[in-house]
Amino acid sequence: MAGELQHLVDTTGRRLDRSVAIDDAQIRLLAYNSHDSAVDSVRMNSVLQRNVSREIVDFIYASGGREALDLFTVPVNEELGLTLGRVGMPIRYRNALLGFVWLLTSEGEVDEDQAEVLRRTADAAAMILHREQLLDELSRSRERELTRDVLSGERSLREDAASRLADEGLMAAGPAVAVTMLLRPVDRSTLTERDRLSVAVGVDQLRRRLPRNSAIQLDRPDHSLLIVSVAERSTQTHLDSLIVAARERVLSESGRQNIECWVGIGEPRTSVADVRESYEESRRSADVAQVVKVLGNVVHYRDLGVYGLLAELSEDRLENSIHSGLQSLLSHEDSKSEALLATLESFLDNAGDVKRTSEALCVHRGSLYYRLRRIQEITRADLANGDDRLALHLSLKVARLLDLR
């Protein structure tokens, strides 16, 4: 497809003696010609990164791109970096919008002869993109089938699927890692279809920015999964930054304020056939990160620490394991109980060092000693006793995991 679109853009550019570009429906650059004209930051970023911000996409659609059936104009918007206007021709197949052909208004007006050339270019691009869409869907269908097999509980099925993925050029053989991305409304309301689609779009963006045939995607009702080949060191180096960008895209696509996106990254495995374990680790990491906010929104399984071990236990076992003294503190009806909990956690995190704890909490040592005495009275624990400190410390981690504080 890339070669055909490039030939089409080059031919149109020569006929019109103008700068020409083709984007898909998400304003991701597919092809552009070489021309002497000045370009703005949006075009430059589009060339370098192959995509643009959600705000620019919305502006183009609001300027007529969503409904256009013929030429339309996108005006200058300096706040978004659009310092040059665009003339667009929608690319449609049976009325379905597949993309746009673009000219720059800085190169002059578009007369009827040029408009007719753009219409023929858009028609030709529509055939190319539609055919690619059908081929891609066939490929993705096969990929989804094999990805499900790679995650199965049957070893022979996983090995066969991994072999077929490599033989069919869908996924490189060698070491791989699983990335799970999920979206959760802050108010715990039900996910909408747009929410699910936004996660799929974000993971697809991540996939497209990785080397070709180095990642496979599987979208599930409550999360999306990406299995990434990490045979190339460059992929490992840039994966985290690409994930952060994809997460931002998910939040932007969702269009909701009261929603959070969590990403878990499993440990690499030596082969695709063994990536099922990495997938389980990535799911666990994303689930734990939702509860233990201090871990951040993007969490590697290796960074879970004690939470990784605790997450393997059932909620009932975890809740029953909480130290009775901490349960008393958690249920204590006092306006200062939250301050006492924060003091206890900081004191234990700092290995009982009063100086570091007072500095971390920005409180006077006298106030800290008062709080510690109050904690001991409520919990009936001896903070000078190593066993009591360990039991309370683990119980605090369990309480975070169960979202009890």
# chains A, B, ... in the order shown; residues from 1 in each chain; ligands from 1
call {"tool": "residues_around", "arguments": {"residues": "segment 309-317 of chain A", "least_positions_apart": "6", "cutoff": "9 Å", "atoms": "only C-alpha atoms", "output": "MDAnalysis selection string"}}
result
chainID A and resid 284:285 287:288 397:398 401:402
call {"tool": "residues_around", "arguments": {"residues": "segment 62-79 of chain A", "least_positions_apart": "5", "cutoff": "8 Å", "atoms": "only C-alpha atoms", "output": "compact mmCIF listing (two decimals) with C-alpha atoms, in the first residue's frame"}}
result
# COMPACT_ATOMS: atom_id res chain seq x y z
CA LEU A 84 -0.74 27.23 7.12
CA GLY A 85 -4.25 26.56 5.89
CA ARG A 86 -5.17 23.30 4.14
CA VAL A 87 -7.44 22.36 1.28
CA GLY A 88 -8.73 18.83 1.83
CA MET A 89 -10.41 16.27 -0.37
CA PRO A 90 -12.05 13.41 1.56
CA LEU A 97 -14.40 8.00 5.31
CA ALA A 115 -10.03 20.05 -8.06
CA ARG A 119 -11.09 13.98 -7.00
call {"tool": "closest_residue", "arguments": {"among": "A:Arg194, A:Asp10, A:Val177, A:Ala339", "to": "Ser282 of chain A", "atoms": "only C-alpha atoms"}}
result
A:Val177
call {"tool": "select_by_dssp", "arguments": {"residues": "segment 78-291 of chain A", "states": "alpha helix (DSSP H)", "output": "PyMOL selection string"}}
result
chain A and resi 112-150+155-167+193-208+233-254+275-291
call {"tool": "select_by_dssp", "arguments": {"residues": "segment 231-270 of chain A", "states": "strand (DSSP E or B)", "output": "VMD selection string"}}
result
chain A and resid 259 to 265 269
call {"tool": "closest_atom_pairs", "arguments": {"of": "segment 103-180 of chain A", "to": "segment 220-227 of chain A", "cutoff": "6 Å", "atoms": "only C-alpha atoms", "output": "tab-separated table"}}
result
residue	atom	partner	partner_atom	distance
A:Val177	CA	A:Ile227	CA	5.7
A:Ala178	CA	A:Ile227	CA	4.5
A:Val179	CA	A:Leu226	CA	5.1
A:Thr180	CA	A:Leu225	CA	4.7
call {"tool": "atom_distance", "arguments": {"atom1": "atom CA of Leu197 of chain A", "atom2": "atom CA of Ala162 of chain A"}}
result
26.9 Å
call {"tool": "decode", "arguments": {"residues": "segment 22-45 of chain A", "atoms": "N, CA, C and O atoms", "output": "PDB file, in the first residue's frame"}}
result
ATOM      1  N   ILE A  22      -1.254  12.554   1.866  1.00  0.00           N
ATOM      2  CA  ILE A  22      -2.424  11.713   2.132  1.00  0.00           C
ATOM      3  C   ILE A  22      -2.350  11.230   3.583  1.00  0.00           C
ATOM      4  O   ILE A  22      -1.321  10.694   4.020  1.00  0.00           O
ATOM      5  N   ASP A  23      -3.445  11.461   4.317  1.00  0.00           N
ATOM      6  CA  ASP A  23      -3.594  10.964   5.685  1.00  0.00           C
ATOM      7  C   ASP A  23      -4.701   9.927   5.728  1.00  0.00           C
ATOM      8  O   ASP A  23      -5.581   9.915   4.846  1.00  0.00           O
ATOM      9  N   ASP A  24      -4.686   9.086   6.761  1.00  0.00           N
ATOM     10  CA  ASP A  24      -5.832   8.212   6.967  1.00  0.00           C
ATOM     11  C   ASP A  24      -6.900   8.983   7.746  1.00  0.00           C
ATOM     12  O   ASP A  24      -6.752  10.186   8.002  1.00  0.00           O
ATOM     13  N   ALA A  25      -7.971   8.325   8.142  1.00  0.00           N
ATOM     14  CA  ALA A  25      -9.090   9.017   8.790  1.00  0.00           C
ATOM     15  C   ALA A  25      -8.732   9.556  10.174  1.00  0.00           C
ATOM     16  O   ALA A  25      -9.408  10.447  10.692  1.00  0.00           O
ATOM     17  N   GLN A  26      -7.665   9.029  10.782  1.00  0.00           N
ATOM     18  CA  GLN A  26      -7.197   9.525  12.082  1.00  0.00           C
ATOM     19  C   GLN A  26      -6.093  10.568  11.919  1.00  0.00           C
ATOM     20  O   GLN A  26      -5.398  10.906  12.861  1.00  0.00           O
ATOM     21  N   ILE A  27      -5.917  11.074  10.700  1.00  0.00           N
ATOM     22  CA  ILE A  27      -4.911  12.092  10.358  1.00  0.00           C
ATOM     23  C   ILE A  27      -3.501  11.572  10.633  1.00  0.00           C
ATOM     24  O   ILE A  27      -2.621  12.290  11.100  1.00  0.00           O
ATOM     25  N   ARG A  28      -3.313  10.281  10.367  1.00  0.00           N
ATOM     26  CA  ARG A  28      -1.951   9.708  10.405  1.00  0.00           C
ATOM     27  C   ARG A  28      -1.399   9.746   8.987  1.00  0.00           C
ATOM     28  O   ARG A  28      -2.042   9.285   8.039  1.00  0.00           O
ATOM     29  N   LEU A  29      -0.212  10.307   8.850  1.00  0.00           N
ATOM     30  CA  LEU A  29       0.373  10.499   7.530  1.00  0.00           C
ATOM     31  C   LEU A  29       0.692   9.160   6.862  1.00  0.00           C
ATOM     32  O   LEU A  29       1.343   8.293   7.446  1.00  0.00           O
ATOM     33  N   LEU A  30       0.229   8.999   5.624  1.00  0.00           N
ATOM     34  CA  LEU A  30       0.481   7.775   4.866  1.00  0.00           C
ATOM     35  C   LEU A  30       1.477   7.992   3.732  1.00  0.00           C
ATOM     36  O   LEU A  30       2.265   7.109   3.423  1.00  0.00           O
ATOM     37  N   ALA A  31       1.432   9.176   3.106  1.00  0.00           N
ATOM     38  CA  ALA A  31       2.350   9.466   1.999  1.00  0.00           C
ATOM     39  C   ALA A  31       2.400  10.965   1.758  1.00  0.00           C
ATOM     40  O   ALA A  31       1.420  11.675   1.991  1.00  0.00           O
ATOM     41  N   TYR A  32       3.552  11.457   1.304  1.00  0.00           N
ATOM     42  CA  TYR A  32       3.693  12.882   0.970  1.00  0.00           C
ATOM     43  C   TYR A  32       4.809  13.013  -0.060  1.00  0.00           C
ATOM     44  O   TYR A  32       5.702  12.155  -0.158  1.00  0.00           O
ATOM     45  N   ASN A  33       4.760  14.088  -0.847  1.00  0.00           N
ATOM     46  CA  ASN A  33       5.788  14.288  -1.862  1.00  0.00           C
ATOM     47  C   ASN A  33       6.821  15.306  -1.412  1.00  0.00           C
ATOM     48  O   ASN A  33       6.613  16.052  -0.446  1.00  0.00           O
ATOM     49  N   SER A  34       7.933  15.310  -2.083  1.00  0.00           N
ATOM     50  CA  SER A  34       8.992  16.268  -1.792  1.00  0.00           C
ATOM     51  C   SER A  34       8.695  17.555  -2.557  1.00  0.00           C
ATOM     52  O   SER A  34       8.461  17.524  -3.770  1.00  0.00           O
ATOM     53  N   HIS A  35       8.679  18.684  -1.833  1.00  0.00           N
ATOM     54  CA  HIS A  35       8.361  19.957  -2.484  1.00  0.00           C
ATOM     55  C   HIS A  35       9.082  21.075  -1.753  1.00  0.00           C
ATOM     56  O   HIS A  35       9.419  20.956  -0.570  1.00  0.00           O
ATOM     57  N   ASP A  36       9.309  22.190  -2.473  1.00  0.00           N
ATOM     58  CA  ASP A  36      10.094  23.296  -1.915  1.00  0.00           C
ATOM     59  C   ASP A  36       9.299  24.187  -0.973  1.00  0.00           C
ATOM     60  O   ASP A  36       9.865  25.061  -0.327  1.00  0.00           O
ATOM     61  N   SER A  37       8.017  24.013  -0.895  1.00  0.00           N
ATOM     62  CA  SER A  37       7.181  24.904  -0.089  1.00  0.00           C
ATOM     63  C   SER A  37       7.500  24.800   1.402  1.00  0.00           C
ATOM     64  O   SER A  37       7.928  23.746   1.897  1.00  0.00           O
ATOM     65  N   ALA A  38       7.254  25.919   2.105  1.00  0.00           N
ATOM     66  CA  ALA A  38       7.409  25.927   3.556  1.00  0.00           C
ATOM     67  C   ALA A  38       6.312  25.069   4.186  1.00  0.00           C
ATOM     68  O   ALA A  38       5.212  24.950   3.653  1.00  0.00           O
ATOM     69  N   VAL A  39       6.617  24.470   5.321  1.00  0.00           N
ATOM     70  CA  VAL A  39       5.632  23.667   6.044  1.00  0.00           C
ATOM     71  C   VAL A  39       5.546  24.177   7.479  1.00  0.00           C
ATOM     72  O   VAL A  39       6.466  24.835   7.970  1.00  0.00           O
ATOM     73  N   ASP A  40       4.438  23.895   8.144  1.00  0.00           N
ATOM     74  CA  ASP A  40       4.306  24.307   9.538  1.00  0.00           C
ATOM     75  C   ASP A  40       4.660  23.168  10.475  1.00  0.00           C
ATOM     76  O   ASP A  40       5.002  22.053  10.037  1.00  0.00           O
ATOM     77  N   SER A  41       4.581  23.427  11.788  1.00  0.00           N
ATOM     78  CA  SER A  41       5.003  22.428  12.776  1.00  0.00           C
ATOM     79  C   SER A  41       4.113  21.188  12.755  1.00  0.00           C
ATOM     80  O   SER A  41       4.571  20.079  13.039  1.00  0.00           O
ATOM     81  N   VAL A  42       2.835  21.369  12.388  1.00  0.00           N
ATOM     82  CA  VAL A  42       1.935  20.215  12.329  1.00  0.00           C
ATOM     83  C   VAL A  42       2.380  19.250  11.242  1.00  0.00           C
ATOM     84  O   VAL A  42       2.453  18.040  11.462  1.00  0.00           O
ATOM     85  N   ARG A  43       2.691  19.779  10.056  1.00  0.00           N
ATOM     86  CA  ARG A  43       3.171  18.907   8.979  1.00  0.00           C
ATOM     87  C   ARG A  43       4.511  18.267   9.351  1.00  0.00           C
ATOM     88  O   ARG A  43       4.741  17.082   9.102  1.00  0.00           O
ATOM     89  N   MET A  44       5.396  19.050   9.975  1.00  0.00           N
ATOM     90  CA  MET A  44       6.708  18.516  10.358  1.00  0.00           C
ATOM     91  C   MET A  44       6.546  17.367  11.356  1.00  0.00           C
ATOM     92  O   MET A  44       7.164  16.306  11.206  1.00  0.00           O
ATOM     93  N   ASN A  45       5.712  17.575  12.382  1.00  0.00           N
ATOM     94  CA  ASN A  45       5.492  16.510  13.364  1.00  0.00           C
ATOM     95  C   ASN A  45       4.816  15.306  12.727  1.00  0.00           C
ATOM     96  O   ASN A  45       5.082  14.158  13.101  1.00  0.00           O
TER      97      ASN A  45
END
